[in-house]
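With CSV, C-alpha atoms and all ligand atoms inside, this is my_file-v3.csv:
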chain,number,residue,atom,x,y,z
G,16,MET,CA,8.2,0.3,-20.2
G,17,GLY,CA,10.7,-1.1,-17.7
G,18,LYS,CA,10.1,-1.4,-13.9
G,19,PRO,CA,7.5,0.6,-12.1
G,20,LEU,CA,9.1,3.7,-10.5
G,21,ILE,CA,8.1,4.8,-7.0
G,22,ILE,CA,9.3,8.3,-6.1
G,23,ALA,CA,9.3,9.6,-2.5
G,24,ASN,CA,8.8,13.3,-2.3
G,25,TRP,CA,9.7,14.3,1.3
G,26,LYS,CA,8.9,18.0,0.5
G,27,CYS,CA,10.1,20.3,3.3
G,28,ASN,CA,10.6,17.5,5.8
G,29,PRO,CA,12.2,16.4,8.1
G,30,THR,CA,13.8,19.3,9.9
G,31,THR,CA,16.9,17.6,11.4
G,32,SER,CA,19.7,15.6,9.7
G,33,LYS,CA,19.2,12.9,12.4
G,34,GLU,CA,15.5,12.4,11.5
G,35,ALA,CA,16.4,12.4,7.7
G,36,GLU,CA,19.0,9.7,8.3
G,37,HIS,CA,16.7,7.7,10.4
G,38,LEU,CA,13.9,7.8,7.8
G,39,PHE,CA,16.3,6.9,5.0
G,40,VAL,CA,18.0,4.1,6.8
G,41,ALA,CA,14.6,2.6,7.7
G,42,VAL,CA,13.6,2.6,4.1
G,43,LYS,CA,17.0,1.5,2.7
G,44,LYS,CA,17.1,-1.5,5.0
G,45,GLU,CA,13.8,-2.8,3.5
G,46,VAL,CA,14.0,-1.9,-0.1
G,47,ARG,CA,17.7,-2.1,-1.1
G,48,ASN,CA,17.3,-5.6,-2.5
G,49,ILE,CA,14.0,-5.1,-4.2
G,50,LYS,CA,14.1,-6.4,-7.7
G,51,ASN,CA,11.0,-5.4,-9.6
G,52,VAL,CA,10.6,-1.7,-8.7
G,53,GLU,CA,12.9,1.3,-8.9
G,54,VAL,CA,12.7,3.5,-5.8
G,55,VAL,CA,13.8,7.1,-5.8
G,56,ILE,CA,14.1,9.1,-2.6
G,57,CYS,CA,13.9,12.9,-2.9
G,58,PRO,CA,14.9,14.6,0.3
G,59,PRO,CA,15.4,18.3,0.8
G,60,PHE,CA,18.6,19.6,-0.8
G,61,VAL,CA,20.4,20.0,2.6
G,62,TRP,CA,20.1,16.3,3.4
G,63,LEU,CA,21.2,15.0,0.0
G,64,GLY,CA,24.9,14.8,0.7
G,65,GLN,CA,24.6,12.7,3.9
G,66,ILE,CA,21.9,10.5,2.3
G,67,PHE,CA,24.1,9.8,-0.7
G,68,GLU,CA,26.9,8.9,1.7
G,69,GLU,CA,24.5,6.5,3.5
G,70,LEU,CA,23.3,5.1,0.2
G,71,SER,CA,26.8,4.4,-1.0
G,72,SER,CA,28.4,3.5,2.3
G,73,SER,CA,29.0,-0.1,1.5
G,74,LYS,CA,30.2,0.5,-2.0
G,75,LYS,CA,32.7,3.3,-1.7
G,76,GLY,CA,34.5,4.5,-4.8
G,77,LEU,CA,31.7,3.5,-7.2
G,78,ALA,CA,30.1,6.0,-9.6
G,79,PRO,CA,26.8,7.4,-8.3
G,80,GLN,CA,24.9,5.6,-11.0
G,81,SER,CA,25.9,2.2,-9.7
G,82,VAL,CA,25.6,2.3,-6.0
G,83,ALA,CA,22.6,0.7,-4.5
G,84,GLY,CA,20.6,-1.6,-6.8
G,85,ASN,CA,17.1,-0.2,-7.4
G,86,LEU,CA,17.3,2.5,-4.7
G,87,ARG,CA,18.2,6.0,-6.1
G,88,LEU,CA,18.4,9.6,-5.1
G,89,GLY,CA,16.6,12.6,-6.6
G,90,ALA,CA,16.0,16.3,-5.8
G,91,GLN,CA,12.8,18.2,-5.6
G,92,ASP,CA,13.7,21.0,-7.9
G,93,CYS,CA,16.7,22.6,-9.6
G,94,PHE,CA,17.9,25.8,-11.2
G,95,TRP,CA,18.3,26.1,-15.0
G,96,GLU,CA,22.0,27.3,-15.1
G,97,GLU,CA,25.0,25.2,-14.2
G,98,ARG,CA,26.8,27.8,-12.1
G,99,GLY,CA,27.3,31.5,-11.6
G,100,ALA,CA,25.9,34.6,-9.8
G,101,TYR,CA,22.4,33.2,-8.8
G,102,THR,CA,22.1,33.7,-5.1
G,103,GLY,CA,20.4,30.8,-3.3
G,104,GLU,CA,20.0,28.5,-6.4
G,105,ILE,CA,21.0,24.9,-6.7
G,106,SER,CA,22.2,23.8,-10.1
G,107,PRO,CA,21.5,20.4,-11.8
G,108,LEU,CA,25.3,19.9,-12.1
G,109,MET,CA,25.6,20.2,-8.3
G,110,LEU,CA,22.8,17.7,-7.9
G,111,LYS,CA,24.4,15.3,-10.3
G,112,ASN,CA,27.7,15.6,-8.5
G,113,LEU,CA,26.0,14.8,-5.2
G,114,GLY,CA,24.7,11.5,-6.6
G,115,CYS,CA,21.2,12.5,-7.8
G,116,GLN,CA,19.8,10.7,-10.8
G,117,TYR,CA,16.3,12.3,-10.9
G,118,VAL,CA,14.9,15.7,-10.3
G,119,ILE,CA,11.2,16.7,-9.8
G,120,ILE,CA,10.4,19.8,-11.8
G,121,GLY,CA,7.3,21.9,-11.8
G,122,HIS,CA,5.6,20.4,-8.7
G,123,SER,CA,2.2,22.2,-8.1
G,124,GLU,CA,3.6,23.6,-4.9
G,125,ARG,CA,6.4,25.3,-6.9
G,126,ARG,CA,3.9,26.6,-9.3
G,127,LYS,CA,1.6,27.9,-6.5
G,128,TYR,CA,4.0,29.3,-3.9
G,129,PHE,CA,6.9,30.3,-6.1
G,130,GLN,CA,5.0,31.4,-9.2
G,131,GLU,CA,6.8,28.9,-11.5
G,132,ALA,CA,5.3,29.2,-14.9
G,133,ASP,CA,5.6,26.7,-17.8
G,134,GLU,CA,8.4,28.8,-19.4
G,135,ILE,CA,10.7,28.4,-16.3
G,136,ILE,CA,9.7,24.8,-15.9
G,137,ASN,CA,10.7,24.1,-19.5
G,138,LYS,CA,14.1,25.7,-18.9
G,139,LYS,CA,14.6,23.5,-15.9
G,140,VAL,CA,13.6,20.3,-17.8
G,141,LYS,CA,16.1,21.2,-20.5
G,142,ALA,CA,18.9,22.0,-17.9
G,143,ALA,CA,18.3,18.7,-16.2
G,144,LEU,CA,18.5,16.7,-19.5
G,145,LYS,CA,21.7,18.6,-20.4
G,146,THR,CA,23.2,17.4,-17.2
G,147,ARG,CA,21.9,13.8,-17.7
G,148,LEU,CA,19.5,14.0,-14.7
G,149,ARG,CA,16.1,12.5,-15.4
G,150,PRO,CA,13.4,15.1,-15.0
G,151,VAL,CA,10.1,14.3,-13.5
G,152,LEU,CA,7.8,16.9,-15.0
G,153,CYS,CA,4.7,17.5,-12.8
G,154,ILE,CA,1.4,18.5,-14.3
G,155,GLY,CA,-2.1,18.6,-13.0
G,156,GLU,CA,-5.3,20.6,-13.0
G,157,GLU,CA,-6.5,22.6,-10.0
G,158,VAL,CA,-10.2,21.9,-10.5
G,159,GLU,CA,-11.5,18.5,-11.3
G,160,ASP,CA,-12.8,18.0,-14.8
G,161,GLU,CA,-10.5,20.6,-16.3
G,162,ILE,CA,-7.9,18.1,-17.3
G,163,GLY,CA,-8.0,18.6,-21.1
G,164,LEU,CA,-6.9,22.1,-21.5
G,165,VAL,CA,-4.7,22.7,-18.5
G,166,VAL,CA,-2.8,19.4,-18.6
G,167,GLY,CA,-2.4,19.5,-22.4
G,168,GLU,CA,-0.8,23.0,-22.2
G,169,GLN,CA,1.4,22.1,-19.3
G,170,ILE,CA,2.9,19.1,-21.2
G,171,GLU,CA,3.3,21.0,-24.5
G,172,ASN,CA,4.9,24.0,-22.8
G,173,GLY,CA,7.0,21.9,-20.4
G,174,LEU,CA,8.4,19.9,-23.2
G,175,ALA,CA,8.8,22.7,-25.8
G,176,GLY,CA,12.0,22.3,-27.8
G,177,ILE,CA,12.9,18.9,-26.4
G,178,ALA,CA,13.9,16.5,-29.1
G,179,ALA,CA,12.2,13.2,-29.7
G,180,ALA,CA,15.5,11.5,-29.0
G,181,ARG,CA,15.6,12.8,-25.4
G,182,VAL,CA,12.0,12.9,-24.4
G,183,ARG,CA,11.9,9.3,-23.2
G,184,GLU,CA,14.3,10.3,-20.4
G,185,VAL,CA,11.5,12.6,-19.0
G,186,ALA,CA,8.9,11.1,-16.7
G,187,ILE,CA,5.5,12.8,-16.5
G,188,ALA,CA,3.8,13.0,-13.1
G,189,TYR,CA,0.1,13.5,-13.3
G,190,GLU,CA,-0.8,15.1,-9.9
G,191,PRO,CA,-4.3,16.7,-9.8
G,192,VAL,CA,-3.8,19.6,-7.4
G,193,TRP,CA,-7.1,18.8,-5.6
G,194,ALA,CA,-5.8,15.3,-4.7
G,195,ILE,CA,-2.4,16.4,-3.3
G,196,GLY,CA,-2.2,16.1,0.5
G,197,THR,CA,-6.0,16.1,0.8
G,198,GLY,CA,-6.7,12.5,1.5
G,199,LEU,CA,-9.0,12.6,-1.6
G,200,PRO,CA,-7.1,10.7,-4.3
G,201,CYS,CA,-8.2,10.7,-7.9
G,202,SER,CA,-10.2,7.6,-8.7
G,203,PRO,CA,-8.3,4.9,-10.7
G,204,ASP,CA,-10.7,5.5,-13.5
G,205,GLY,CA,-9.9,9.2,-13.5
G,206,ALA,CA,-6.2,8.4,-13.4
G,207,MET,CA,-6.6,6.0,-16.3
G,208,LYS,CA,-8.3,8.8,-18.3
G,209,ALA,CA,-5.4,11.1,-17.4
G,210,ALA,CA,-2.8,8.5,-18.4
G,211,LEU,CA,-4.5,8.1,-21.8
G,212,PHE,CA,-4.7,11.8,-22.2
G,213,VAL,CA,-1.0,12.3,-21.5
G,214,ARG,CA,-0.1,9.5,-24.0
G,215,LYS,CA,-2.4,11.1,-26.6
G,216,THR,CA,-0.7,14.4,-26.1
G,217,LEU,CA,2.7,12.9,-26.4
G,218,THR,CA,1.7,11.1,-29.5
G,219,LYS,CA,0.5,14.4,-31.0
G,220,LEU,CA,3.8,16.1,-30.0
G,221,TYR,CA,6.1,13.3,-31.0
G,222,ASP,CA,4.8,9.9,-32.2
G,223,ARG,CA,3.2,6.8,-30.7
G,224,SER,CA,6.3,4.8,-30.3
G,225,ILE,CA,7.9,7.6,-28.3
G,226,ALA,CA,4.8,8.3,-26.3
G,227,GLU,CA,4.7,4.6,-25.2
G,228,LYS,CA,8.3,4.9,-23.8
G,229,VAL,CA,7.6,7.9,-21.5
G,230,LYS,CA,6.9,6.9,-17.9
G,231,ILE,CA,3.7,8.3,-16.5
G,232,LEU,CA,3.3,8.6,-12.7
G,233,TYR,CA,0.3,9.2,-10.6
G,234,GLY,CA,0.6,11.4,-7.5
G,235,GLY,CA,-2.0,12.7,-4.9
G,236,SER,CA,-2.9,11.0,-1.6
G,237,VAL,CA,-1.4,7.6,-2.5
G,238,THR,CA,-1.4,5.2,0.4
G,239,SER,CA,-0.7,1.5,0.8
G,240,GLN,CA,-4.4,0.9,0.5
G,241,ASN,CA,-4.8,2.5,-3.0
G,242,ALA,CA,-1.3,2.3,-4.6
G,243,ILE,CA,-1.9,-1.0,-6.5
G,244,ASP,CA,-5.1,0.4,-8.1
G,245,TYR,CA,-3.0,3.0,-10.1
G,246,ILE,CA,-0.4,0.6,-11.3
G,247,LYS,CA,-2.7,-2.3,-12.0
G,248,GLY,CA,-5.9,-0.7,-13.0
G,249,ALA,CA,-5.1,2.8,-14.2
G,250,MET,CA,-2.3,2.3,-16.8
G,251,MET,CA,0.2,4.3,-14.7
G,252,ASP,CA,3.8,3.2,-14.8
G,253,ALA,CA,4.8,4.8,-11.5
G,254,LEU,CA,3.8,6.7,-8.4
G,255,LEU,CA,4.9,10.0,-6.8
G,256,ILE,CA,4.3,9.8,-3.0
G,257,GLY,CA,4.3,12.7,-0.6
G,258,GLN,CA,2.8,12.3,2.9
G,259,ALA,CA,3.0,8.5,2.9
G,260,SER,CA,6.7,8.6,2.1
G,261,LEU,CA,7.5,10.2,5.5
G,262,ASN,CA,6.4,7.1,7.3
G,263,ALA,CA,8.9,4.3,6.5
G,264,THR,CA,6.6,1.5,7.4
G,265,GLU,CA,3.8,2.8,5.1
G,266,PHE,CA,6.2,3.6,2.3
G,267,VAL,CA,7.9,0.2,2.4
G,268,LYS,CA,4.4,-1.4,2.4
G,269,ILE,CA,3.6,0.4,-0.9
G,270,VAL,CA,7.0,-0.6,-2.4
G,271,ASN,CA,6.5,-4.2,-1.4
G,272,LYS,CA,3.0,-4.3,-2.8
G,273,ILE,CA,4.1,-3.0,-6.2
G,274,ASN,CA,7.2,-5.2,-6.1
G,275,GLU,CA,5.0,-8.3,-5.8
G,276,LEU,CA,2.7,-7.5,-8.6
G,301,LIG,P1,0.7,13.5,-1.3
G,301,LIG,O1,1.7,14.4,-2.2
G,301,LIG,O2,1.1,12.1,-1.5
G,301,LIG,O3,1.0,13.9,0.1
G,301,LIG,O4,-0.7,13.8,-1.7
G,301,LIG,C1,2.0,14.0,-3.4
G,301,LIG,C2,2.9,15.1,-4.1
G,301,LIG,O5,2.7,16.2,-3.8
G,301,LIG,O6,3.9,14.7,-4.8
When written as structure tokens, how does the structure in this file appear?
Ligand code: PGA
Amino acid sequence: MGKPLIIANWKCNPTTSKEAEHLFVAVKKEVRNIKNVEVVICPPFVWLGQIFEELSSSKKGLAPQSVAGNLRLGAQDCFWEERGAYTGEISPLMLKNLGCQYVIIGHSERRKYFQEADEIINKKVKAALKTRLRPVLCIGEEVEDEIGLVVGEQIENGLAGIAAARVREVAIAYEPVWAIGTGLPCSPDGAMKAALFVRKTLTKLYDRSIAEKVKILYGGSVTSQNAIDYIKGAMMDALLIGQASLNATEFVKIVNKINEL
């Protein structure tokens, strides 16, 4: 399965380039030499360029993929076309050229506030794969206990038409909507049931050996207090962290705890 992945989703924060740089530098200083965890920082689009500069500052001239050990850059969304007359959109190719390696797709806030449906999300996942960005497909039910139907459909629709040979490049983030930003995380037991359900669905869509290679993340009110429970006890391979990633000390604490497992 490889190293655990920890993804920081900064969402629509911070609001100045200085603050963004400050936050990134504080994290980079502590995690750049970490060995057992892959850390991905996903800032807002407008700060990606400067953060990539900062990430690669000591290794000028290297390809984006080889710049800073286990610290990488990702985006929070992308469009499904490479270029053209699409006012306001950011293409996966632009993100790739800025040094991104990952892109979050279908976050519940995109589904809720921007009416992103599974069909759009599927186009974005395919576009990301075409550009060789690793998509992090977000899924999750709005109401506790509804996991079966909702999450099953989100996976099936989000991955529609994606060949078995490429699906292992996709990571699946289980983020129950009721746990996001609420301070009410899913129990490790609930997260384990979700992880098993995601693997079962992937086995049905592809096969078991492929299902075992797809990284599954948990997201929703993760803190330094509960992070280990998901990786150790809940069969999750990775974490997607919102609020706690905006505090460098707290985020680094999470990374260190998982690194030492
Ligand atoms: P949270 O957000 O950690 O603030 O709950 C997680 C997410 O939305 O990705």
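Considering all atoms listed in the file, the residues that reside within 7 Å of ligand LIG 301 (chain G) can be listed as G:Asn24, G:Glu190, G:Ala194, G:Ile195, G:Gly196, G:Thr197, G:Gly198, G:Gly234, G:Gly235, G:Ser236, G:Val237, G:Leu255, G:Ile256, G:Gly257, G:Gln258, G:Ala259.
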Need to verify the contact set: Leu148 of chain G, 8 Å, only C-alpha atoms, exclusion of same-chain residues closer than 2 positions in sequence. Can you return it as an NGL selection string? :G and (107 or 111 or 115-118 or 143-146 or 150)
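Relative to atom CA of Leu261 of chain G, atom CA of Lys208 of chain G is found at 28.6 Å.
Minimum atom-to-atom distances from G:Glu265, G:Glu96, G:Glu275, G:Glu124 to Ile154 of chain G were compared using only C-alpha atoms, and the lowest value belongs to G:Glu124.
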G:Leu152, G:Arg98, G:Ala35, G:Asn241 ranked by distance to Leu199 of chain G, top pick (using all atoms listed in the file): G:Asn241
Go ahead and find all residues with at least one atom no further than 7 Å from (21.5, 12.7, 6.0) in the file's coordinates, using all atoms listed in the file; report them as a PyMOL selection string. chain G and resi 32-33+35-36+62-66
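With all atoms listed in the file as the basis for measurement, G:Gly167 is the residue among G:Ala90, G:Asn85, G:Pro19, G:Gly167 that approaches Lys215 of chain G most closely.
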Which residue of G:Ser123, G:Gln130, G:Ser239, G:Gln91 approaches Val151 of chain G most closely, using all atoms listed in the file: G:Gln91
Rounded to one decimal in Å, what is the spacing between atom CA of Gly248 of chain G and atom CA of Gly17 of chain G? 17.3 Å
Record the distance separating atom CA of His37 of chain G and atom CA of Ser72 of chain G, expressed in Å with one decimal. 14.8 Å
Rank nothing, just name the residue among G:Ile170, G:Gly103, G:Phe266, G:Cys153 nearest to Lys219 of chain G, using only C-alpha atoms. G:Ile170
